[in-house]
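Below is one structure, written out as structure tokens; comments come after it.
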Amino acid sequence: RPVSPSTVVMPPKVVELGPAHFCFDQEDPQVKNIAAHLPWYGPKYSPHDVPSFYDISGITESPEAFQSVVDLLVARYRAAGDKGPTHIAGFDARGFIFGPPIALALKIPFVMIRKAGKLPGVLISSGKYTTEYSTDETVMRLGSVKAGDRVVLVDDLIATGGTALAGFDLVDGLGATVYEFAAMIALPFLDGCGKIHSYKDGKFKDVPCFTMVDDTSIGKEMGKDPPEGTPRVVPVEEVEKYAAAADRGL
């Protein structure tokens, strides 16, 4: 149905953090609202041994915040008109959460970049690469993108840039062009965008990286570790015993 002019929200101002690295103004109320829906956990309550593991379920479990993330990225690419992206490609697995609604809103295809061993058919492989967590390998289906296509790579977060670069190599290997890399959260101190732009003697130096929220905008108050002694995994029979502690502040 038609959108009332009063409900149309202006996108936040975009600022340049570095060469070809763009981000929303972190003082914008819309950006602050997204940051306020991103809880984090310490190593004891995270799947990986990192100081702060950001939980995007804070976004997905809030329809308002989830819609805001999608709408802001859709507006960015819709504004490019006929010169905008022709495909959205998301990384396994959290890129599969944000990529499809963006692609549907833009009425363009969504392409999966999957971990090795997950896709059928004839595949192209990134080869092994290292992330902040592990050594991985990703694949795309041969023919999923082709020469002339302009692809936005979407993930929830950019840290060291290893996963992003695997996607760059895959899209480039299939003959298409990476239009932009987009992530909801950036960890600037790991310089993932800088590593993308210096990769292979600057092969992708002119490809924009776009991020929505810096980790520095997600405050200490968003730390949601439960009280000491709460187990990481609770048997279903003991849910009531630990529910209050697990829900603290959420």
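As shown in the structure tokens, the chain order sets the letters A, B, ...; within each chain, residues go from 1, and ligands are also counted from 1 in the order they appear.
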(message) Env of segment 38-53 of chain A: 10 Å cut, atoms = only C-alpha atoms, seq-sep filter 3 positions within chain, self excluded. Answer as a VMD selection string.
(response) chain A and resid 33 to 35 56 to 60 65 132 to 134 185 213 215 218 to 226 230 to 233 249 to 250
Restricted to N, CA and C atoms, what would the selected residues look like written as a PDB file, in the first residue's frame?
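Resulting contents of again.pdb:
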```
ATOM      1  N   ASN A  33      19.588   3.646  17.567  1.00  0.00           N
ATOM      2  CA  ASN A  33      18.560   2.647  17.849  1.00  0.00           C
ATOM      3  C   ASN A  33      19.011   1.251  17.424  1.00  0.00           C
ATOM      4  N   ILE A  34      19.682   1.168  16.278  1.00  0.00           N
ATOM      5  CA  ILE A  34      20.216  -0.132  15.839  1.00  0.00           C
ATOM      6  C   ILE A  34      21.265  -0.622  16.832  1.00  0.00           C
ATOM      7  N   ALA A  35      22.177   0.270  17.222  1.00  0.00           N
ATOM      8  CA  ALA A  35      23.217  -0.104  18.191  1.00  0.00           C
ATOM      9  C   ALA A  35      22.612  -0.574  19.509  1.00  0.00           C
ATOM     10  N   ILE A  56      23.243 -10.755  16.850  1.00  0.00           N
ATOM     11  CA  ILE A  56      22.305 -10.094  15.952  1.00  0.00           C
ATOM     12  C   ILE A  56      20.861 -10.516  16.190  1.00  0.00           C
ATOM     13  N   SER A  57      20.635 -11.495  17.084  1.00  0.00           N
ATOM     14  CA  SER A  57      19.250 -11.819  17.401  1.00  0.00           C
ATOM     15  C   SER A  57      18.554 -10.641  18.083  1.00  0.00           C
ATOM     16  N   GLY A  58      19.340  -9.711  18.649  1.00  0.00           N
ATOM     17  CA  GLY A  58      18.746  -8.488  19.175  1.00  0.00           C
ATOM     18  C   GLY A  58      18.073  -7.670  18.084  1.00  0.00           C
ATOM     19  N   ILE A  59      18.586  -7.779  16.860  1.00  0.00           N
ATOM     20  CA  ILE A  59      17.966  -7.130  15.700  1.00  0.00           C
ATOM     21  C   ILE A  59      16.799  -7.963  15.184  1.00  0.00           C
ATOM     22  N   THR A  60      17.041  -9.245  14.952  1.00  0.00           N
ATOM     23  CA  THR A  60      16.011 -10.073  14.312  1.00  0.00           C
ATOM     24  C   THR A  60      14.785 -10.260  15.197  1.00  0.00           C
ATOM     25  N   ALA A  65      13.591  -2.763  14.642  1.00  0.00           N
ATOM     26  CA  ALA A  65      15.019  -2.606  14.372  1.00  0.00           C
ATOM     27  C   ALA A  65      15.420  -3.352  13.111  1.00  0.00           C
ATOM     28  N   GLU A 132      39.134 -14.440  11.901  1.00  0.00           N
ATOM     29  CA  GLU A 132      39.510 -14.262  13.301  1.00  0.00           C
ATOM     30  C   GLU A 132      39.149 -15.476  14.143  1.00  0.00           C
ATOM     31  N   TYR A 133      38.306 -16.381  13.580  1.00  0.00           N
ATOM     32  CA  TYR A 133      37.851 -17.544  14.330  1.00  0.00           C
ATOM     33  C   TYR A 133      38.506 -18.854  13.888  1.00  0.00           C
ATOM     34  N   SER A 134      38.725 -19.012  12.563  1.00  0.00           N
ATOM     35  CA  SER A 134      39.047 -20.338  12.045  1.00  0.00           C
ATOM     36  C   SER A 134      39.616 -20.249  10.633  1.00  0.00           C
ATOM     37  N   ILE A 185      27.865  -4.252  11.240  1.00  0.00           N
ATOM     38  CA  ILE A 185      28.794  -3.879  12.305  1.00  0.00           C
ATOM     39  C   ILE A 185      30.222  -3.868  11.775  1.00  0.00           C
ATOM     40  N   VAL A 213      27.139   0.412  11.831  1.00  0.00           N
ATOM     41  CA  VAL A 213      27.398   0.697  13.245  1.00  0.00           C
ATOM     42  C   VAL A 213      28.835   0.309  13.581  1.00  0.00           C
ATOM     43  N   ASP A 215      31.649  -0.721  16.338  1.00  0.00           N
ATOM     44  CA  ASP A 215      31.542  -1.393  17.632  1.00  0.00           C
ATOM     45  C   ASP A 215      31.687  -0.413  18.794  1.00  0.00           C
ATOM     46  N   ILE A 218      28.466   0.688  20.344  1.00  0.00           N
ATOM     47  CA  ILE A 218      27.700  -0.288  21.119  1.00  0.00           C
ATOM     48  C   ILE A 218      28.274  -0.288  22.532  1.00  0.00           C
ATOM     49  N   GLY A 219      27.547   0.275  23.460  1.00  0.00           N
ATOM     50  CA  GLY A 219      28.094   0.559  24.780  1.00  0.00           C
ATOM     51  C   GLY A 219      28.302  -0.652  25.676  1.00  0.00           C
ATOM     52  N   LYS A 220      29.023  -0.412  26.776  1.00  0.00           N
ATOM     53  CA  LYS A 220      29.256  -1.465  27.767  1.00  0.00           C
ATOM     54  C   LYS A 220      27.952  -1.968  28.363  1.00  0.00           C
ATOM     55  N   GLU A 221      26.949  -1.092  28.367  1.00  0.00           N
ATOM     56  CA  GLU A 221      25.662  -1.492  28.933  1.00  0.00           C
ATOM     57  C   GLU A 221      24.977  -2.582  28.122  1.00  0.00           C
ATOM     58  N   MET A 222      25.458  -2.814  26.904  1.00  0.00           N
ATOM     59  CA  MET A 222      24.881  -3.869  26.064  1.00  0.00           C
ATOM     60  C   MET A 222      25.493  -5.234  26.352  1.00  0.00           C
ATOM     61  N   GLY A 223      26.463  -5.293  27.262  1.00  0.00           N
ATOM     62  CA  GLY A 223      27.001  -6.577  27.684  1.00  0.00           C
ATOM     63  C   GLY A 223      25.947  -7.349  28.467  1.00  0.00           C
ATOM     64  N   LYS A 224      25.653  -8.578  28.059  1.00  0.00           N
ATOM     65  CA  LYS A 224      24.529  -9.332  28.626  1.00  0.00           C
ATOM     66  C   LYS A 224      24.940 -10.659  29.261  1.00  0.00           C
ATOM     67  N   ASP A 225      26.193 -10.787  29.669  1.00  0.00           N
ATOM     68  CA  ASP A 225      26.577 -12.002  30.389  1.00  0.00           C
ATOM     69  C   ASP A 225      25.694 -12.166  31.620  1.00  0.00           C
ATOM     70  N   PRO A 226      25.166 -13.363  31.848  1.00  0.00           N
ATOM     71  CA  PRO A 226      24.320 -13.594  33.022  1.00  0.00           C
ATOM     72  C   PRO A 226      25.152 -13.670  34.297  1.00  0.00           C
ATOM     73  N   THR A 230      25.883 -19.202  36.021  1.00  0.00           N
ATOM     74  CA  THR A 230      24.884 -19.623  35.042  1.00  0.00           C
ATOM     75  C   THR A 230      25.570 -20.462  33.967  1.00  0.00           C
ATOM     76  N   PRO A 231      25.090 -21.672  33.700  1.00  0.00           N
ATOM     77  CA  PRO A 231      25.749 -22.509  32.691  1.00  0.00           C
ATOM     78  C   PRO A 231      25.553 -21.953  31.287  1.00  0.00           C
ATOM     79  N   ARG A 232      26.478 -22.287  30.407  1.00  0.00           N
ATOM     80  CA  ARG A 232      26.380 -21.841  29.010  1.00  0.00           C
ATOM     81  C   ARG A 232      25.200 -22.514  28.308  1.00  0.00           C
ATOM     82  N   VAL A 233      24.998 -23.808  28.557  1.00  0.00           N
ATOM     83  CA  VAL A 233      23.893 -24.552  27.960  1.00  0.00           C
ATOM     84  C   VAL A 233      23.042 -25.139  29.088  1.00  0.00           C
ATOM     85  N   GLY A 249      18.073  -7.894  31.561  1.00  0.00           N
ATOM     86  CA  GLY A 249      18.366  -6.744  30.717  1.00  0.00           C
ATOM     87  C   GLY A 249      17.942  -6.885  29.274  1.00  0.00           C
ATOM     88  N   LEU A 250      17.339  -8.001  28.877  1.00  0.00           N
ATOM     89  CA  LEU A 250      16.961  -8.163  27.468  1.00  0.00           C
ATOM     90  C   LEU A 250      15.515  -7.770  27.262  1.00  0.00           C
TER      91      LEU A 250
END
```
(message) Just want the 12 Å neighbourhood of Ile97 of chain A, counted on only C-alpha atoms, with same-chain residues fewer than 5 positions away dropped. Output as a list of chain:residue names.
(response) A:Ile56, A:Ser57, A:Ile59, A:Thr60, A:Glu61, A:Phe66, A:Gln67, A:Val69, A:Val70, A:Ile88, A:Ala89, A:Gly90, A:Phe91, A:Asp92, A:Ile102, A:Ala103, A:Phe110, A:Met112, A:Val154, A:Asp155, A:Asp156, A:Ala183, A:Met184
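Residue nearest Leu73 of chain A, chosen from A:Thr211, A:Ser198, A:Thr160, A:Ser125 and counting only C-alpha atoms: A:Thr211.
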(message) Could you tell me how far atom CA of Lys205 of chain A sits from atom CA of Tyr54 of chain A, in Å to one decimal place?
(response) 27.7 Å
(message) For the alpha helix (DSSP H) assignment from backbone DSSP, which residues of segment 89-230 of chain A qualify? Please present them as a VMD selection string.
(response) chain A and resid 95 to 106 162 to 173 192 to 202
Just-selected residues, N, CA, C and O atoms written as a compact mmCIF listing (two decimals), in the first residue's frame:
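File written: selection_28.txt
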```
# COMPACT_ATOMS: atom_id res chain seq x y z
N GLY A 95 24.76 -13.56 6.70
CA GLY A 95 24.42 -12.80 5.51
C GLY A 95 23.13 -13.28 4.87
O GLY A 95 22.48 -12.56 4.10
N PHE A 96 22.71 -14.52 5.22
CA PHE A 96 21.45 -15.05 4.72
C PHE A 96 20.25 -14.42 5.43
O PHE A 96 19.12 -14.55 4.98
N ILE A 97 20.50 -13.78 6.56
CA ILE A 97 19.42 -13.13 7.30
C ILE A 97 19.10 -11.76 6.71
O ILE A 97 17.94 -11.41 6.51
N PHE A 98 20.14 -10.99 6.41
CA PHE A 98 19.94 -9.63 5.95
C PHE A 98 19.83 -9.51 4.42
O PHE A 98 19.14 -8.63 3.92
N GLY A 99 20.51 -10.39 3.71
CA GLY A 99 20.53 -10.28 2.25
C GLY A 99 19.19 -10.49 1.57
O GLY A 99 18.79 -9.68 0.73
N PRO A 100 18.45 -11.57 1.90
CA PRO A 100 17.19 -11.82 1.18
C PRO A 100 16.15 -10.71 1.26
O PRO A 100 15.58 -10.34 0.23
N PRO A 101 15.87 -10.10 2.44
CA PRO A 101 14.88 -9.03 2.42
C PRO A 101 15.33 -7.80 1.64
O PRO A 101 14.50 -7.10 1.05
N ILE A 102 16.64 -7.55 1.60
CA ILE A 102 17.14 -6.44 0.78
C ILE A 102 16.92 -6.74 -0.69
O ILE A 102 16.43 -5.91 -1.46
N ALA A 103 17.28 -7.97 -1.09
CA ALA A 103 17.11 -8.36 -2.50
C ALA A 103 15.64 -8.33 -2.91
O ALA A 103 15.29 -7.87 -4.00
N LEU A 104 14.75 -8.83 -2.04
CA LEU A 104 13.33 -8.84 -2.37
C LEU A 104 12.79 -7.42 -2.54
O LEU A 104 12.00 -7.15 -3.45
N ALA A 105 13.20 -6.52 -1.65
CA ALA A 105 12.72 -5.14 -1.75
C ALA A 105 13.19 -4.48 -3.03
O ALA A 105 12.49 -3.66 -3.62
N LEU A 106 14.40 -4.84 -3.47
CA LEU A 106 14.95 -4.27 -4.70
C LEU A 106 14.52 -5.04 -5.94
O LEU A 106 14.82 -4.63 -7.06
N GLY A 162 38.76 -11.44 6.15
CA GLY A 162 39.05 -12.70 5.46
C GLY A 162 37.86 -13.27 4.72
O GLY A 162 37.96 -13.68 3.55
N THR A 163 36.70 -13.30 5.38
CA THR A 163 35.49 -13.82 4.73
C THR A 163 35.08 -12.93 3.56
O THR A 163 34.71 -13.42 2.49
N ALA A 164 35.13 -11.63 3.77
CA ALA A 164 34.76 -10.69 2.71
C ALA A 164 35.62 -10.91 1.47
O ALA A 164 35.12 -10.95 0.34
N LEU A 165 36.93 -11.06 1.67
CA LEU A 165 37.83 -11.24 0.53
C LEU A 165 37.56 -12.53 -0.22
O LEU A 165 37.73 -12.58 -1.45
N ALA A 166 37.14 -13.56 0.49
CA ALA A 166 36.76 -14.80 -0.20
C ALA A 166 35.60 -14.52 -1.16
O ALA A 166 35.57 -15.02 -2.29
N GLY A 167 34.64 -13.71 -0.71
CA GLY A 167 33.53 -13.34 -1.58
C GLY A 167 33.97 -12.49 -2.76
O GLY A 167 33.48 -12.67 -3.89
N PHE A 168 34.88 -11.56 -2.53
CA PHE A 168 35.42 -10.75 -3.62
C PHE A 168 36.04 -11.66 -4.68
O PHE A 168 35.80 -11.48 -5.88
N ASP A 169 36.86 -12.61 -4.24
CA ASP A 169 37.51 -13.51 -5.19
C ASP A 169 36.51 -14.36 -5.97
O ASP A 169 36.68 -14.58 -7.18
N LEU A 170 35.47 -14.83 -5.29
CA LEU A 170 34.47 -15.65 -5.96
C LEU A 170 33.71 -14.85 -7.03
O LEU A 170 33.55 -15.31 -8.17
N VAL A 171 33.23 -13.69 -6.65
CA VAL A 171 32.47 -12.86 -7.61
C VAL A 171 33.36 -12.47 -8.78
O VAL A 171 32.95 -12.55 -9.95
N ASP A 172 34.59 -12.07 -8.48
CA ASP A 172 35.53 -11.71 -9.54
C ASP A 172 35.85 -12.90 -10.42
O ASP A 172 35.91 -12.77 -11.65
N GLY A 173 36.01 -14.08 -9.82
CA GLY A 173 36.30 -15.27 -10.60
C GLY A 173 35.18 -15.68 -11.53
O GLY A 173 35.42 -16.29 -12.58
N GLY A 192 39.49 -4.32 8.66
CA GLY A 192 39.06 -5.22 7.59
C GLY A 192 38.90 -4.53 6.25
O GLY A 192 39.30 -5.07 5.22
N CYS A 193 38.36 -3.31 6.26
CA CYS A 193 38.18 -2.60 4.99
C CYS A 193 39.52 -2.22 4.38
O CYS A 193 39.70 -2.30 3.16
N GLY A 194 40.47 -1.83 5.22
CA GLY A 194 41.81 -1.53 4.72
C GLY A 194 42.46 -2.74 4.09
O GLY A 194 43.15 -2.63 3.06
N LYS A 195 42.23 -3.91 4.68
CA LYS A 195 42.81 -5.14 4.13
C LYS A 195 42.18 -5.51 2.80
O LYS A 195 42.85 -6.02 1.90
N ILE A 196 40.89 -5.25 2.67
CA ILE A 196 40.23 -5.47 1.37
C ILE A 196 40.88 -4.59 0.31
O ILE A 196 41.20 -5.05 -0.80
N HIS A 197 41.10 -3.33 0.63
CA HIS A 197 41.59 -2.38 -0.37
C HIS A 197 43.07 -2.56 -0.70
O HIS A 197 43.52 -2.14 -1.78
N SER A 198 43.83 -3.20 0.19
CA SER A 198 45.24 -3.45 -0.10
C SER A 198 45.49 -4.84 -0.71
O SER A 198 46.60 -5.14 -1.14
N TYR A 199 44.47 -5.66 -0.75
CA TYR A 199 44.58 -7.04 -1.22
C TYR A 199 45.02 -7.09 -2.69
O TYR A 199 44.54 -6.32 -3.52
N LYS A 200 45.94 -8.01 -2.98
CA LYS A 200 46.42 -8.22 -4.36
C LYS A 200 46.83 -6.90 -5.01
O LYS A 200 46.39 -6.56 -6.12
N ASP A 201 47.68 -6.17 -4.29
CA ASP A 201 48.21 -4.90 -4.79
C ASP A 201 47.12 -3.89 -5.14
O ASP A 201 47.23 -3.12 -6.10
N GLY A 202 46.05 -3.92 -4.35
CA GLY A 202 44.99 -2.92 -4.53
C GLY A 202 43.99 -3.24 -5.62
O GLY A 202 43.33 -2.34 -6.14
```
(request) Taking the DSSP assignment computed from this structure's backbone, write out as an MDAnalysis selection string all residues of segment 29-200 of chain A that belong to strand (DSSP E). (result) chainID A and resid 40:41 53:54 87:91 110:115 123:130 135:141 150:158 177:186
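In this model, the gap between atom CA of Gly84 of chain A and atom CA of Val152 of chain A comes to 9.3 Å.
Ranking A:Pro208, A:Gly161, A:Gly81, A:Gly148 by their shortest atom-to-atom distance to Ala186 of chain A, with only C-alpha atoms included, puts A:Gly161 first.
From atom CA of Tyr179 of chain A back to atom CA of Val15 of chain A, the distance works out to 18.4 Å.
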(request) Fewer than 2 positions away in the same chain doesn't count, so skip those; otherwise give me all residues within 7 Å of Lys146 of chain A, counting only C-alpha atoms, as a list in words. (result) Gly143, Ser144, Gly148, Asp149, Leu174, Gly175 and Ala176 of chain A
Export, as a PDB file, in the first residue's frame, the selected residues with all heavy atoms.
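Heads up, here's the output in selection_36.pdb:
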```
ATOM      1  N   GLY A 143      27.705 -19.953 -12.448  1.00  0.00           N
ATOM      2  CA  GLY A 143      26.591 -19.369 -13.189  1.00  0.00           C
ATOM      3  C   GLY A 143      25.648 -18.528 -12.339  1.00  0.00           C
ATOM      4  O   GLY A 143      24.724 -17.908 -12.870  1.00  0.00           O
ATOM      5  N   SER A 144      25.882 -18.471 -11.023  1.00  0.00           N
ATOM      6  CA  SER A 144      24.988 -17.691 -10.166  1.00  0.00           C
ATOM      7  C   SER A 144      25.110 -16.202 -10.426  1.00  0.00           C
ATOM      8  O   SER A 144      24.160 -15.440 -10.245  1.00  0.00           O
ATOM      9  CB  SER A 144      25.248 -17.998  -8.692  1.00  0.00           C
ATOM     10  OG  SER A 144      26.611 -17.773  -8.363  1.00  0.00           O
ATOM     11  N   GLY A 148      29.117  -8.604 -16.249  1.00  0.00           N
ATOM     12  CA  GLY A 148      28.126  -7.537 -16.351  1.00  0.00           C
ATOM     13  C   GLY A 148      27.278  -7.365 -15.109  1.00  0.00           C
ATOM     14  O   GLY A 148      26.633  -6.327 -14.940  1.00  0.00           O
ATOM     15  N   ASP A 149      27.261  -8.369 -14.241  1.00  0.00           N
ATOM     16  CA  ASP A 149      26.496  -8.257 -13.002  1.00  0.00           C
ATOM     17  C   ASP A 149      27.248  -7.400 -11.984  1.00  0.00           C
ATOM     18  O   ASP A 149      28.483  -7.423 -11.924  1.00  0.00           O
ATOM     19  CB  ASP A 149      26.238  -9.645 -12.398  1.00  0.00           C
ATOM     20  CG  ASP A 149      25.271 -10.472 -13.225  1.00  0.00           C
ATOM     21  OD1 ASP A 149      24.495  -9.873 -14.001  1.00  0.00           O
ATOM     22  OD2 ASP A 149      25.287 -11.713 -13.095  1.00  0.00           O
ATOM     23  N   LEU A 174      33.954 -15.331 -11.166  1.00  0.00           N
ATOM     24  CA  LEU A 174      32.801 -15.633 -12.017  1.00  0.00           C
ATOM     25  C   LEU A 174      32.567 -14.563 -13.073  1.00  0.00           C
ATOM     26  O   LEU A 174      31.612 -14.650 -13.851  1.00  0.00           O
ATOM     27  CB  LEU A 174      31.548 -15.804 -11.155  1.00  0.00           C
ATOM     28  CG  LEU A 174      31.512 -17.100 -10.326  1.00  0.00           C
ATOM     29  CD1 LEU A 174      30.404 -17.038  -9.281  1.00  0.00           C
ATOM     30  CD2 LEU A 174      31.309 -18.305 -11.236  1.00  0.00           C
ATOM     31  N   GLY A 175      33.417 -13.553 -13.114  1.00  0.00           N
ATOM     32  CA  GLY A 175      33.340 -12.528 -14.149  1.00  0.00           C
ATOM     33  C   GLY A 175      32.500 -11.326 -13.808  1.00  0.00           C
ATOM     34  O   GLY A 175      32.409 -10.384 -14.605  1.00  0.00           O
ATOM     35  N   ALA A 176      31.881 -11.329 -12.620  1.00  0.00           N
ATOM     36  CA  ALA A 176      31.039 -10.205 -12.211  1.00  0.00           C
ATOM     37  C   ALA A 176      31.879  -9.175 -11.451  1.00  0.00           C
ATOM     38  O   ALA A 176      33.075  -9.370 -11.207  1.00  0.00           O
ATOM     39  CB  ALA A 176      29.880 -10.697 -11.356  1.00  0.00           C
TER      40      ALA A 176
END
```
